[in-house]
>>> print(open('data13.cif').read())   # mmCIF, C-alpha atoms and all ligand atoms
data_entry
#
loop_
_atom_site.label_atom_id
_atom_site.label_comp_id
_atom_site.auth_asym_id
_atom_site.auth_seq_id
_atom_site.Cartn_x
_atom_site.Cartn_y
_atom_site.Cartn_z
CA MET I 15 -91.06 -4.98 44.01
CA ALA I 16 -93.19 -5.03 40.86
CA ALA I 17 -91.49 -4.59 37.50
CA PRO I 18 -92.19 -1.28 35.72
CA ALA I 19 -95.22 -1.27 33.45
CA GLY I 20 -93.19 -0.46 30.30
CA PRO I 21 -91.97 2.66 28.57
CA SER I 22 -93.59 5.74 29.91
CA SER I 23 -94.03 9.19 28.45
CA ARG I 24 -90.89 11.24 27.76
CA SER I 25 -90.50 12.75 31.19
CA ALA I 26 -92.61 10.61 33.54
CA PRO I 27 -90.46 8.68 36.03
CA GLU I 28 -90.19 4.97 35.30
CA PHE I 29 -89.97 3.97 38.96
CA SER I 30 -91.66 5.29 42.09
CA PRO I 31 -89.47 6.85 44.83
CA GLU I 32 -89.96 3.65 46.87
CA GLN I 33 -88.83 1.48 43.97
CA ILE I 34 -85.77 3.70 43.44
CA GLN I 35 -84.85 3.42 47.12
CA ALA I 36 -85.17 -0.36 46.96
CA LEU I 37 -82.99 -0.51 43.82
CA ARG I 38 -80.26 1.60 45.44
CA LEU I 39 -80.28 -0.31 48.69
CA GLY I 40 -80.35 -3.71 47.02
CA LEU I 41 -77.51 -2.91 44.65
CA LEU I 42 -75.24 -1.37 47.29
CA GLN I 43 -75.81 -4.23 49.72
CA TRP I 44 -75.01 -6.74 46.99
CA TRP I 45 -71.91 -4.74 46.03
CA GLU I 46 -70.50 -4.67 49.57
CA CYS I 47 -70.24 -8.47 49.45
CA ASN I 48 -69.71 -9.08 45.73
CA GLY I 49 -68.15 -5.97 44.19
CA ARG I 50 -64.64 -5.44 42.87
CA HIS I 51 -63.10 -3.43 45.71
CA ALA I 52 -59.41 -3.73 44.83
CA ILE I 53 -59.38 -1.38 41.84
CA PRO I 54 -56.26 0.69 42.54
CA TRP I 55 -57.42 4.09 41.22
CA LYS I 56 -60.55 3.85 43.41
CA LEU I 57 -58.53 3.52 46.62
CA ARG I 58 -56.48 5.88 48.73
CA SER I 59 -52.70 5.64 48.31
CA ASP I 60 -52.57 3.38 51.41
CA GLY I 61 -54.96 0.92 49.72
CA THR I 62 -58.02 1.69 51.87
CA ARG I 63 -61.42 2.76 50.57
CA PRO I 64 -62.18 6.49 50.54
CA GLY I 65 -65.02 7.85 52.63
CA PRO I 66 -68.14 9.60 51.26
CA GLY I 67 -67.25 12.86 49.53
CA GLU I 68 -63.51 12.26 49.86
CA ALA I 69 -61.49 13.28 46.79
CA LEU I 70 -59.02 10.94 45.10
CA ASP I 71 -56.24 11.86 42.67
CA PRO I 72 -58.11 12.40 39.33
CA TYR I 73 -55.09 11.64 37.12
CA PRO I 74 -55.04 7.82 37.55
CA VAL I 75 -58.84 7.81 37.38
CA TRP I 76 -58.81 9.72 34.10
CA VAL I 77 -56.21 7.40 32.54
CA ALA I 78 -58.25 4.37 33.64
CA GLU I 79 -61.54 5.74 32.34
CA VAL I 80 -60.01 6.39 28.91
CA MET I 81 -58.44 2.91 28.80
CA LEU I 82 -61.80 1.39 29.79
CA GLN I 83 -63.61 3.07 26.89
CA GLN I 84 -63.02 0.08 24.63
CA THR I 85 -61.21 -2.40 26.87
CA GLN I 86 -62.37 -4.66 29.70
CA LEU I 87 -60.95 -4.08 33.16
CA PRO I 88 -58.92 -7.33 33.50
CA VAL I 89 -57.25 -6.63 30.14
CA MET I 90 -56.47 -2.97 30.74
CA LEU I 91 -55.22 -3.34 34.34
CA PRO I 92 -51.60 -4.36 33.52
CA TYR I 93 -51.45 -1.59 30.89
CA TRP I 94 -52.67 0.92 33.46
CA GLN I 95 -50.04 -0.25 35.93
CA ARG I 96 -47.22 0.07 33.39
CA TRP I 97 -48.58 3.44 32.29
CA MET I 98 -48.58 4.76 35.86
CA GLU I 99 -44.96 3.67 36.28
CA ALA I 100 -43.95 5.46 33.07
CA PHE I 101 -46.15 8.56 33.48
CA PRO I 102 -46.95 8.77 37.20
CA ASP I 103 -48.64 12.18 37.09
CA LEU I 104 -50.09 14.80 34.79
CA GLN I 105 -46.79 16.61 34.35
CA ALA I 106 -44.97 13.41 33.32
CA LEU I 107 -47.60 12.70 30.67
CA ALA I 108 -47.71 16.29 29.42
CA MET I 109 -43.91 16.31 28.99
CA ALA I 110 -43.71 12.85 27.32
CA THR I 111 -43.09 12.39 23.59
CA GLU I 112 -45.86 10.99 21.43
CA GLN I 113 -43.66 8.02 20.57
CA ALA I 114 -43.29 7.12 24.27
CA VAL I 115 -47.03 7.50 24.81
CA LEU I 116 -47.93 5.27 21.85
CA LEU I 117 -45.35 2.70 22.88
CA HIS I 118 -47.00 2.35 26.30
CA TRP I 119 -50.42 2.04 24.66
CA GLN I 120 -49.21 -0.64 22.27
CA GLY I 121 -51.56 -3.64 22.36
CA LEU I 122 -54.57 -1.76 23.75
CA GLY I 123 -55.79 -0.70 20.29
CA TYR I 124 -57.84 2.38 19.37
CA TYR I 125 -54.70 4.50 19.52
CA ALA I 126 -56.61 7.74 19.07
CA ARG I 127 -57.44 7.36 22.78
CA ALA I 128 -53.73 7.59 23.67
CA ARG I 129 -53.11 10.58 21.43
CA ARG I 130 -56.12 12.42 22.84
CA LEU I 131 -55.17 11.60 26.42
CA HIS I 132 -51.74 13.02 25.68
CA GLN I 133 -53.22 16.15 24.07
CA GLY I 134 -55.60 16.54 27.01
CA ALA I 135 -52.71 16.28 29.49
CA ARG I 136 -50.80 18.98 27.62
CA GLN I 137 -53.92 21.15 27.47
CA LEU I 138 -54.62 20.77 31.19
CA TRP I 139 -51.01 21.24 32.18
CA ALA I 140 -50.77 24.44 30.15
CA SER I 141 -54.08 25.91 31.31
CA ALA I 142 -55.31 24.54 34.61
CA PHE I 143 -51.91 24.16 36.26
CA ASP I 144 -50.48 27.52 35.30
CA PRO I 145 -48.20 28.49 38.24
CA ALA I 146 -48.91 32.15 37.48
CA ALA I 147 -52.66 31.74 38.07
CA SER I 148 -54.20 32.54 41.41
CA PRO I 149 -55.10 29.50 43.56
CA ALA I 150 -58.51 31.14 44.03
CA ASP I 151 -59.14 31.00 40.30
CA ASP I 152 -61.50 28.03 39.88
CA ARG I 153 -60.02 27.27 36.49
CA ASN I 154 -56.81 26.38 38.26
CA GLY I 155 -56.28 22.76 39.29
CA TRP I 156 -58.30 19.72 38.28
CA PRO I 157 -61.67 20.53 36.66
CA ARG I 158 -64.71 19.73 38.77
CA ARG I 159 -67.40 20.56 36.24
CA LEU I 160 -68.72 18.17 33.63
CA ASP I 161 -68.39 20.78 30.86
CA ASP I 162 -64.71 21.34 31.64
CA TRP I 163 -63.99 17.63 31.24
CA LEU I 164 -66.07 17.46 28.07
CA ALA I 165 -63.87 20.23 26.65
CA LEU I 166 -60.86 17.88 26.73
CA PRO I 167 -60.14 15.77 23.62
CA GLY I 168 -61.61 12.27 23.58
CA ILE I 169 -63.84 12.73 26.63
CA GLY I 170 -67.53 11.87 26.23
CA ARG I 171 -70.23 12.34 28.81
CA SER I 172 -69.91 8.92 30.42
CA THR I 173 -66.11 9.18 30.72
CA ALA I 174 -66.38 12.69 32.20
CA ALA I 175 -69.05 11.52 34.64
CA GLY I 176 -66.97 8.44 35.51
CA VAL I 177 -63.98 10.65 36.43
CA LEU I 178 -66.07 13.07 38.47
CA SER I 179 -67.99 10.42 40.39
CA THR I 180 -64.89 8.29 41.05
CA ALA I 181 -62.42 11.06 41.86
CA PHE I 182 -64.71 13.52 43.65
CA ASP I 183 -67.76 11.40 44.57
CA GLN I 184 -69.94 13.75 42.54
CA PRO I 185 -73.49 12.57 41.70
CA GLU I 186 -72.96 12.20 37.94
CA PRO I 187 -74.75 9.33 36.16
CA ILE I 188 -72.76 7.10 33.80
CA LEU I 189 -73.86 5.21 30.71
CA ASP I 190 -71.16 2.87 29.46
CA GLY I 191 -71.94 -0.41 27.67
CA ASN I 192 -72.44 -2.38 30.89
CA VAL I 193 -74.82 0.19 32.34
CA ARG I 194 -76.83 0.41 29.13
CA ARG I 195 -77.29 -3.33 29.10
CA VAL I 196 -78.40 -3.53 32.74
CA LEU I 197 -80.84 -0.63 32.38
CA ALA I 198 -82.20 -1.91 29.06
CA ARG I 199 -83.01 -5.20 30.80
CA LEU I 200 -84.34 -3.54 33.92
CA VAL I 201 -87.05 -1.81 31.86
CA ALA I 202 -87.15 -4.34 28.97
CA ALA I 203 -86.61 -1.48 26.52
CA PRO I 204 -88.21 -2.38 23.19
CA ARG I 205 -85.75 -0.29 21.16
CA PRO I 206 -81.90 -0.21 21.15
CA PRO I 207 -80.51 2.10 23.87
CA GLU I 208 -78.57 4.02 21.19
CA ARG I 209 -81.95 5.09 19.77
CA GLN I 210 -83.20 6.50 23.05
CA LEU I 211 -80.14 7.79 24.82
CA ALA I 212 -82.03 10.60 26.56
CA ARG I 213 -84.28 8.02 28.23
CA PHE I 214 -81.29 5.98 29.39
CA TRP I 215 -79.45 9.02 30.75
CA ARG I 216 -82.61 9.89 32.71
CA LEU I 217 -82.82 6.33 34.00
CA SER I 218 -79.18 6.27 35.06
CA ALA I 219 -79.65 9.61 36.83
CA ALA I 220 -82.87 8.43 38.48
CA VAL I 221 -81.39 5.28 40.03
CA LEU I 222 -78.06 6.88 41.05
CA ASP I 223 -77.68 7.16 44.81
CA PRO I 224 -76.81 10.82 45.51
CA GLN I 225 -75.39 9.88 48.93
CA ARG I 226 -72.86 7.38 47.50
CA PRO I 227 -72.43 8.11 43.78
CA ARG I 228 -68.88 6.69 43.56
CA ASP I 229 -69.92 3.37 45.10
CA PHE I 230 -73.22 3.22 43.24
CA ASN I 231 -71.71 3.74 39.79
CA GLN I 232 -69.04 1.15 40.52
CA ALA I 233 -71.71 -1.26 41.76
CA LEU I 234 -73.72 -0.77 38.58
CA MET I 235 -70.67 -1.50 36.42
CA ASP I 236 -69.80 -4.54 38.54
CA LEU I 237 -73.35 -5.84 38.18
CA GLY I 238 -73.09 -5.48 34.41
CA SER I 239 -69.69 -7.12 34.09
CA GLY I 240 -70.18 -9.93 36.61
CA VAL I 241 -73.89 -10.80 36.76
CA CYS I 242 -75.92 -9.10 34.04
CA THR I 243 -73.49 -10.31 31.39
CA PRO I 244 -74.18 -10.04 27.65
CA ARG I 245 -75.02 -13.67 26.83
CA GLN I 246 -75.99 -15.50 29.99
CA PRO I 247 -77.11 -13.16 32.76
CA ARG I 248 -77.02 -14.81 36.18
CA CYS I 249 -80.41 -13.53 37.27
CA GLY I 250 -80.47 -15.88 40.25
CA ASP I 251 -77.62 -13.86 41.82
CA CYS I 252 -78.99 -10.44 40.88
CA PRO I 253 -80.17 -7.93 43.48
CA TRP I 254 -82.50 -6.32 40.91
CA ARG I 255 -84.31 -9.51 39.92
CA GLN I 256 -87.60 -8.55 41.57
CA ALA I 257 -87.70 -5.25 39.70
CA CYS I 258 -86.37 -6.47 36.35
CA ALA I 259 -88.85 -6.40 33.49
CA ALA I 260 -86.63 -8.52 31.20
CA TYR I 261 -86.40 -11.20 33.90
CA ALA I 262 -90.17 -11.04 34.37
CA ALA I 263 -90.60 -11.45 30.60
CA GLY I 264 -88.58 -14.68 30.79
CA ASP I 265 -85.88 -13.93 28.20
CA PRO I 266 -83.41 -11.37 29.59
CA ALA I 267 -80.65 -12.15 27.06
CA ARG I 268 -82.93 -10.78 24.32
CA TYR I 269 -82.15 -7.31 25.72
CA PRO I 270 -80.78 -4.86 24.87
CA VAL I 271 -82.56 -5.04 21.53
CA LYS I 272 -79.95 -4.59 18.79
CA GLU I 273 -79.89 -2.82 15.47
CA ARG I 274 -79.58 -5.23 12.59
CA SER I 275 -76.04 -4.66 11.35
CA ALA I 276 -74.72 -4.92 7.81
CA PRO I 277 -71.77 -7.33 7.23
CA LEU I 278 -68.40 -5.62 7.69
CA PRO I 279 -66.49 -4.74 4.50
CA PHE I 280 -63.52 -7.03 3.78
CA GLN I 281 -60.22 -6.00 2.21
CA VAL I 282 -56.96 -7.77 1.39
CA ILE I 283 -53.78 -5.81 2.16
CA GLY I 284 -50.42 -6.65 0.61
CA ILE I 285 -47.49 -5.91 2.95
CA GLY I 286 -43.79 -5.92 2.18
CA VAL I 287 -41.10 -6.59 4.77
CA VAL I 288 -38.30 -5.02 2.75
CA ARG I 289 -34.71 -5.86 3.66
CA ASP I 290 -31.49 -4.19 2.59
CA ARG I 291 -28.08 -5.87 2.24
CA ALA I 292 -27.28 -5.18 5.90
CA GLY I 293 -30.38 -7.12 7.01
CA ARG I 294 -32.25 -4.03 8.18
CA VAL I 295 -35.99 -3.76 7.50
CA LEU I 296 -37.93 -0.76 6.25
CA ILE I 297 -40.75 0.73 8.36
CA ASP I 298 -42.75 3.92 8.03
CA GLN I 299 -44.67 6.09 10.47
CA ARG I 300 -48.31 6.70 9.58
CA LEU I 301 -49.69 10.19 9.21
CA HIS I 302 -51.39 11.61 12.29
CA GLU I 303 -54.96 11.13 11.04
CA GLY I 304 -57.13 8.09 11.60
CA LEU I 305 -57.41 5.22 14.03
CA LEU I 306 -53.75 4.21 13.87
CA GLY I 307 -52.23 7.66 13.25
CA GLY I 308 -48.65 8.11 14.45
CA LEU I 309 -47.95 4.37 14.71
CA TRP I 310 -45.21 2.59 12.77
CA GLU I 311 -45.91 -0.17 10.27
CA PHE I 312 -44.51 -2.25 7.47
CA PRO I 313 -45.45 -0.62 4.17
CA GLY I 314 -48.19 -1.90 1.88
CA GLY I 315 -51.74 -1.26 0.78
CA LYS I 316 -55.01 -2.51 -0.61
CA GLN I 317 -55.14 -5.15 -3.31
CA GLU I 318 -56.94 -3.93 -6.43
CA PRO I 319 -59.42 -6.17 -8.30
CA GLU I 320 -57.69 -8.70 -10.58
CA GLU I 321 -54.27 -7.85 -9.10
CA SER I 322 -51.89 -10.51 -7.72
CA ILE I 323 -50.64 -9.87 -4.20
CA ALA I 324 -47.05 -9.54 -5.49
CA ASP I 325 -48.19 -6.83 -7.93
CA THR I 326 -50.03 -5.06 -5.10
CA ILE I 327 -46.87 -4.94 -2.99
CA VAL I 328 -44.68 -3.75 -5.87
CA ARG I 329 -47.21 -1.04 -6.81
CA GLU I 330 -47.85 0.16 -3.26
CA LEU I 331 -44.17 0.41 -2.37
CA ARG I 332 -43.48 2.33 -5.56
CA GLU I 333 -46.39 4.71 -4.93
CA GLU I 334 -45.79 5.24 -1.22
CA LEU I 335 -42.00 4.98 -0.91
CA ALA I 336 -40.67 5.46 -4.46
CA ILE I 337 -38.72 2.19 -4.28
CA THR I 338 -38.58 -0.90 -6.44
CA VAL I 339 -38.59 -4.28 -4.72
CA GLN I 340 -38.47 -7.93 -5.61
CA VAL I 341 -41.26 -9.86 -3.85
CA ASP I 342 -39.89 -13.01 -2.23
CA GLU I 343 -41.50 -15.75 -0.11
CA GLU I 344 -44.64 -15.27 1.98
CA LEU I 345 -43.88 -14.57 5.63
CA ILE I 346 -47.37 -14.76 7.16
CA THR I 347 -51.05 -14.21 6.39
CA LEU I 348 -53.28 -12.95 9.15
CA ASP I 349 -56.84 -11.74 9.56
CA HIS I 350 -57.69 -8.78 11.73
CA ALA I 351 -61.13 -7.38 12.55
CA TYR I 352 -61.68 -3.73 13.41
CA SER I 353 -65.06 -2.39 14.51
CA HIS I 354 -65.79 -1.11 10.98
CA LYS I 355 -63.97 -3.55 8.65
CA ARG I 356 -62.19 -6.88 8.37
CA LEU I 357 -58.71 -7.03 6.88
CA ARG I 358 -56.52 -9.86 5.61
CA PHE I 359 -52.81 -9.01 5.64
CA VAL I 360 -50.72 -11.03 3.20
CA VAL I 361 -47.10 -10.37 4.12
CA HIS I 362 -44.10 -11.13 1.92
CA LEU I 363 -40.40 -10.72 2.47
CA CYS I 364 -39.01 -8.37 -0.19
CA THR I 365 -35.55 -7.47 -1.47
CA TRP I 366 -34.79 -3.79 -1.99
CA LEU I 367 -33.64 -3.25 -5.59
CA GLU I 368 -33.49 0.49 -6.14
CA GLY I 369 -34.72 3.92 -5.09
CA GLU I 370 -34.02 5.86 -1.88
CA PRO I 371 -37.15 5.39 0.32
CA GLN I 372 -39.27 8.57 0.47
CA PRO I 373 -42.15 9.23 2.93
CA LEU I 374 -44.65 10.04 0.15
CA ALA I 375 -47.66 8.84 2.19
CA SER I 376 -46.23 8.78 5.72
CA GLN I 377 -44.46 11.03 8.22
CA GLN I 378 -41.08 9.33 7.90
CA VAL I 379 -39.40 6.10 6.87
CA ARG I 380 -36.57 4.31 8.61
CA TRP I 381 -34.27 1.31 8.13
CA VAL I 382 -34.22 -0.60 11.41
CA ASP I 383 -32.38 -3.63 12.71
CA PRO I 384 -35.04 -6.32 13.46
CA ALA I 385 -33.70 -6.53 17.02
CA ASP I 386 -34.59 -2.85 17.55
CA LEU I 387 -38.23 -3.00 16.38
CA ASP I 388 -39.52 -3.06 19.98
CA ALA I 389 -38.57 0.62 20.31
CA TYR I 390 -41.34 1.56 17.86
CA PRO I 391 -45.09 1.49 18.57
CA PHE I 392 -46.87 -0.79 16.08
CA PRO I 393 -50.55 -1.75 15.65
CA ALA I 394 -51.43 -5.23 16.92
CA ALA I 395 -51.39 -6.86 13.46
CA ASN I 396 -47.83 -5.61 12.82
CA ALA I 397 -46.69 -7.05 16.15
CA ARG I 398 -47.58 -10.51 14.80
CA ILE I 399 -45.60 -9.76 11.64
CA ILE I 400 -42.57 -8.90 13.79
CA ALA I 401 -42.92 -12.19 15.67
CA ALA I 402 -43.07 -14.08 12.35
CA LEU I 403 -40.01 -12.18 11.07
CA ARG I 404 -38.00 -13.04 14.17
CA GLN I 405 -38.99 -16.68 13.87
CA HIS I 406 -37.90 -16.60 10.21
CA LEU I 407 -34.54 -15.04 11.11
CA ALA I 408 -33.86 -17.29 14.09
CA PRO I 409 -31.00 -19.78 13.51
CA VAL I 410 -32.28 -23.33 12.94
S1 LIG I 501 -82.48 -9.86 36.75
FE1 LIG I 501 -81.16 -10.68 35.19
S2 LIG I 501 -81.53 -9.44 33.37
FE2 LIG I 501 -82.38 -8.33 35.11
S3 LIG I 501 -80.77 -6.91 35.74
FE3 LIG I 501 -80.53 -8.78 36.95
S4 LIG I 501 -79.08 -10.10 35.83
FE4 LIG I 501 -79.81 -8.47 34.45
#
>>> encode(input="data13.cif", output="structure tokens")
Amino acid sequence: MAAPAGPSSRSAPEFSPEQIQALRLGLLQWWECNGRHAIPWKLRSDGTRPGPGEALDPYPVWVAEVMLQQTQLPVMLPYWQRWMEAFPDLQALAMATEQAVLLHWQGLGYYARARRLHQGARQLWASAFDPAASPADDRNGWPRRLDDWLALPGIGRSTAAGVLSTAFDQPEPILDGNVRRVLARLVAAPRPPERQLARFWRLSAAVLDPQRPRDFNQALMDLGSGVCTPRQPRCGDCPWRQACAAYAAGDPARYPVKERSAPLPFQVIGIGVVRDRAGRVLIDQRLHEGLLGGLWEFPGGKQEPEESIADTIVRELREELAITVQVDEELITLDHAYSHKRLRFVVHLCTWLEGEPQPLASQQVRWVDPADLDAYPFPAANARIIAALRQHLAPV
């Protein structure tokens, strides 16, 4: 099959019907032999593959799709398994406390996903599973329309489409990072996909096999994660090689074309692990807003220009907790990169001198025995602080 001639006008198809047929057939044949077929939420409860049009339980699919938003499948799989043991169905999640939900998300990052999943479960449980509603009411039960999924918190178009195509085998195109990369290479798009999303949604819809949407979308994701990988695509193993414009151009890894990005801002954060005479440590629960809202942490804050790290810790703990501390030895320094900034945490042990801790910039504060810290959900960087604290406290 010849590669497409390049970007076409806004609505003209990029491939002929014959080319589309060949793409579908080639991808699905490749997938039967090379795809990931043991993904538990894509199978019936007896472990066998569902037939065309057969519905699966949407709850595990929904949880998985949200976890996959920023996490690769091999990493999220054990989290998904533990989650399904703790919250096996929609009702269990809707009835859970936020603390339990965050604790089971701990380590996956981007905690807003967990909070929104929880909110969505409560919303669905209260509305779509109302026992008083008539079974004939199509708002009752799991939503089957894209718009109804998009109305839930934290659900974008690709996640909604992923749930519908996986759970109900509906012909909804997806456009996650893997799919964007494959399609950008297939047509050798000269601009970043983020700049021409409408074109990429059209492309994903055009190639989707309406007879086997669940399998096709999975095959496309498997191609992206296993063959058309970001740095070194294995074009020799690819079923779309004959049609791929980036392959024909001789430099597939150049696609997708990227925006030139500015360097991430860098900040130093002073953290105090404050201990009282009983050996307990002071932690606070962040406000609900923001990336890490609702999680627990050791108190601290940003270092100001010309300020020593000890002065930062003393100032921050006075401003945020109304306490005075003595800054003792350094416990650990660690760097952590988020998508929008890089942080360096400089952590010191501190002795509590005076002042009853007040939650002036948090939901609540608590003195906790170091052995009990596992009961609280912490961001990843704080988990390393806990490990350093335990090592420090361990008898030599
Ligand atoms: S031929 Fe290479 S670049 Fe093109 S879709 Fe396949 S793996 Fe990706």
>>> residues_around(input="data13.cif", residues="Pro373 of chain I", least_positions_apart="6", cutoff="9 Å", atoms="only C-alpha atoms", output="list in words")
Asp298, Gln299, Glu334, Leu335, Ala336 and Val379 of chain I
>>> write_last_selection(input="data13.cif", atoms="C-alpha atoms", output="PDB file, keeping the file's coordinate frame")
ATOM      1  CA  ASP I 298     -42.750   3.920   8.030  1.00  0.00           C
ATOM      2  CA  GLN I 299     -44.670   6.090  10.470  1.00  0.00           C
ATOM      3  CA  GLU I 334     -45.790   5.240  -1.220  1.00  0.00           C
ATOM      4  CA  LEU I 335     -42.000   4.980  -0.910  1.00  0.00           C
ATOM      5  CA  ALA I 336     -40.670   5.460  -4.460  1.00  0.00           C
ATOM      6  CA  VAL I 379     -39.400   6.100   6.870  1.00  0.00           C
TER       7      VAL I 379
END
>>> closest_residue(input="data13.cif", among="I:Gly304, I:Gly284, I:Pro266, I:Pro409", to="Leu348 of chain I", atoms="only C-alpha atoms")
I:Gly284
>>> residues_near_ligand(input="data13.cif", ligand="ligand LIG 501 (chain I)", cutoff="6 Å", atoms="all atoms listed in the file", output="compact mmCIF listing (two decimals) with C-alpha atoms, in the coordinates of the input")
# COMPACT_ATOMS: atom_id res chain seq x y z
CA VAL I 196 -78.40 -3.53 32.74
CA ARG I 199 -83.01 -5.20 30.80
CA LEU I 200 -84.34 -3.54 33.92
CA VAL I 241 -73.89 -10.80 36.76
CA CYS I 242 -75.92 -9.10 34.04
CA PRO I 247 -77.11 -13.16 32.76
CA ARG I 248 -77.02 -14.81 36.18
CA CYS I 249 -80.41 -13.53 37.27
CA CYS I 252 -78.99 -10.44 40.88
CA TRP I 254 -82.50 -6.32 40.91
CA ARG I 255 -84.31 -9.51 39.92
CA CYS I 258 -86.37 -6.47 36.35
CA ALA I 260 -86.63 -8.52 31.20
CA TYR I 261 -86.40 -11.20 33.90
CA PRO I 266 -83.41 -11.37 29.59
>>> closest_atom_pairs(input="data13.cif", of="segment 308-338 of chain I", to="segment 390-401 of chain I", cutoff="10 Å", atoms="only C-alpha atoms", output="CSV")
residue,atom,partner,partner_atom,distance
I:Gly308,CA,I:Pro391,CA,8.6
I:Leu309,CA,I:Phe392,CA,5.4
I:Trp310,CA,I:Phe392,CA,5.0
I:Glu311,CA,I:Phe392,CA,5.9
I:Phe312,CA,I:Asn396,CA,7.1
>>> axis_aligned_box(input="data13.cif", around="segment 44-47 of chain I", padding_each_side="8 Å", output="JSON")
{"center_x": -72.6, "center_y": -6.6, "center_z": 47.8, "size_x": 20.8, "size_y": 19.8, "size_z": 19.5}
>>> closest_residue(input="data13.cif", among="I:Gln105, I:Ser179, I:Ser218, I:Gln225", to="Leu197 of chain I", atoms="all atoms listed in the file")
I:Ser218
>>> closest_residue(input="data13.cif", among="I:Leu70, I:Leu237, I:Met109, I:Ala202", to="Val177 of chain I", atoms="all atoms listed in the file")
I:Leu70
>>> residues_around(input="data13.cif", residues="Glu273 of chain I", least_positions_apart="4", cutoff="12 Å", atoms="only C-alpha atoms", output="PyMOL selection string")
chain I and resi 204-209+269
>>> atom_distance(input="data13.cif", atom1="atom CA of Arg332 of chain I", atom2="atom CA of Leu116 of chain I")
27.9 Å
>>> closest_residue(input="data13.cif", among="I:Ala106, I:Ala126, I:Ile346, I:Ile337", to="Thr365 of chain I", atoms="all atoms listed in the file")
I:Ile337
>>> atom_distance(input="data13.cif", atom1="atom CA of Asp71 of chain I", atom2="atom CA of Arg158 of chain I")
12.2 Å
>>> residues_around(input="data13.cif", residues="Asn192 of chain I", least_positions_apart="4", cutoff="12 Å", atoms="only C-alpha atoms", output="ChimeraX atom specification")
/I:82-87,172,188,196-199,207,218,231-244,247,270
>>> residues_near_point(input="data13.cif", point="(-85.2, 4.3, 30.1)", cutoff="7 Å", atoms="all atoms listed in the file", output="count of residues only")
8
>>> build_atoms(input="data13.cif", residues="segment 337-348 of chain I", atoms="N, CA and C atoms", output="tab-separated table (two decimals), keeping the file's coordinate frame")
chain	number	residue	atom	x	y	z
I	337	ILE	N	-39.77	3.21	-4.16
I	337	ILE	CA	-38.72	2.19	-4.28
I	337	ILE	C	-39.21	1.04	-5.15
I	338	THR	N	-38.26	0.31	-5.69
I	338	THR	CA	-38.58	-0.90	-6.44
I	338	THR	C	-38.10	-2.09	-5.63
I	339	VAL	N	-38.96	-3.10	-5.50
I	339	VAL	CA	-38.59	-4.28	-4.72
I	339	VAL	C	-38.84	-5.54	-5.52
I	340	GLN	N	-38.16	-6.59	-5.10
I	340	GLN	CA	-38.47	-7.93	-5.61
I	340	GLN	C	-39.26	-8.63	-4.50
I	341	VAL	N	-40.42	-9.19	-4.85
I	341	VAL	CA	-41.26	-9.86	-3.85
I	341	VAL	C	-40.80	-11.30	-3.71
I	342	ASP	N	-40.40	-11.66	-2.49
I	342	ASP	CA	-39.89	-13.01	-2.23
I	342	ASP	C	-40.98	-13.85	-1.54
I	343	GLU	N	-40.56	-14.78	-0.68
I	343	GLU	CA	-41.50	-15.75	-0.11
I	343	GLU	C	-42.50	-15.09	0.85
I	344	GLU	N	-43.63	-15.78	1.03
I	344	GLU	CA	-44.64	-15.27	1.98
I	344	GLU	C	-44.14	-15.49	3.41
I	345	LEU	N	-44.31	-14.47	4.24
I	345	LEU	CA	-43.88	-14.57	5.63
I	345	LEU	C	-45.05	-15.03	6.51
I	346	ILE	N	-46.21	-14.42	6.34
I	346	ILE	CA	-47.37	-14.76	7.16
I	346	ILE	C	-48.62	-14.16	6.51
I	347	THR	N	-49.76	-14.80	6.74
I	347	THR	CA	-51.05	-14.21	6.39
I	347	THR	C	-51.88	-14.17	7.66
I	348	LEU	N	-52.48	-13.03	7.93
I	348	LEU	CA	-53.28	-12.95	9.15
I	348	LEU	C	-54.51	-12.09	8.93
